[in-house]
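All remarks here apply to the structure that follows.
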Amino acid sequence: MHRDCLSGIFRKRKRLPDLFDAFRRLRACYPRKQLFVVMDNLHQTHDHPSFRRLLRKLRIHPVWTPTESSWLNLIEAHFGVLKRFTLANTDDLDHVVRRRRVYRYLRYRHIRLSNTSHPLNRIRSLRPVKLEQH
């Protein structure tokens with residue numbers, strides 16, 4: 001979230017290589033700016049030495065929320081709205097339908113807020129993501 005612009009990347013799991021890819025994409029959107037990213041305390045992932053090394057290499061400064069205090073992260077309020085608009089009362093057969101619904105909401109939101117030219121809107125187009133069906 002930056003200047004009221006939301007973006008995201010779909011992954012089946014939250015593993016280190018997936019997290020690395022997401023942060024590389026984020027850095028590509030802001031190549032010369034100083035980045036501070038508010039993060040929760042997801043132990044064994046955000047604490048991992050290789051993840052911390054990557055953050056230093058990418059010049060991204062993590063800002064950790066206290067344990068059990070995710071509500072301090074302003075993105076949490078947006079997750080609730082996103083969930084109500086895209087996932088409430090649905091029974092998706094696969095991730096493709098769900099991903100399209102979320103991206104459609106994000107496009108709608110960006111058009112309404114005039115954020116269509118923001119760099120974060122390019123984050124999904126850097127390299128396509130193929131999800132497996134479940």
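Residue numbering restarts at 1 for every chain of the structure tokens, chains are lettered A, B, ... in their displayed order, and ligands are numbered from 1 as they appear.
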Could you make a table, as JSON lines, of the residues of stretch 49-94 of chain A that have an atom within 9 Å of an atom of stretch 27-31 of chain A, each with its nearest atom pair and distance in Å to one decimal, counting only C-alpha atoms, in chain and number order?
{"residue": "A:Leu58", "atom": "CA", "partner": "A:Arg27", "partner_atom": "CA", "distance": 6.7}
{"residue": "A:Arg59", "atom": "CA", "partner": "A:Arg27", "partner_atom": "CA", "distance": 8.4}
{"residue": "A:Ile60", "atom": "CA", "partner": "A:Arg27", "partner_atom": "CA", "distance": 7.8}
Would you output that residue set with C-alpha atoms, as a PDB file, in the first residue's frame?
ATOM      1  CA  LEU A  58      17.501  -4.710  -1.991  1.00  0.00           C
ATOM      2  CA  ARG A  59      17.843  -1.777   0.430  1.00  0.00           C
ATOM      3  CA  ILE A  60      14.409  -2.432   1.943  1.00  0.00           C
TER       4      ILE A  60
END
Tell me, as a VMD selection string, which residues lie within 12 Å of A:Leu54, counting only C-alpha atoms; anything in the same chain fewer than 2 positions away does not count.
chain A and resid 16 to 17 19 to 24 27 46 to 52 56 to 62
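Counting only C-alpha atoms, the residue from A:Ser70, A:Phe10, A:Glu76, A:Leu113 that sits nearest to A:Val96 is A:Phe10.
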Strand (DSSP E or B) positions in chain A, given as number ranges by chain
A: 2, 5, 35-39, 60-64
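Minimum distance to A:Val38 across A:Asn115, A:Lys14, A:Ala88, A:Asn73 (counting only C-alpha atoms) occurs at A:Asn73.
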Neighbouring residues of A:Leu82 were defined as those with any atom within 10 Å, considering only C-alpha atoms; residues of the same chain fewer than 3 positions away were excluded. Please report them as a PyMOL selection string.
chain A and resi 76-79+85-88+102+105-106+109
For A:Lys12, which residue among A:His110, A:Arg53, A:Arg104, A:His95 is the nearest when counting only C-alpha atoms?
A:His95
Write out as number ranges by chain all residues of stretch 16-67 of chain A that DSSP puts in alpha helix (DSSP H) for this structure's backbone.
A: 16-29, 49-58
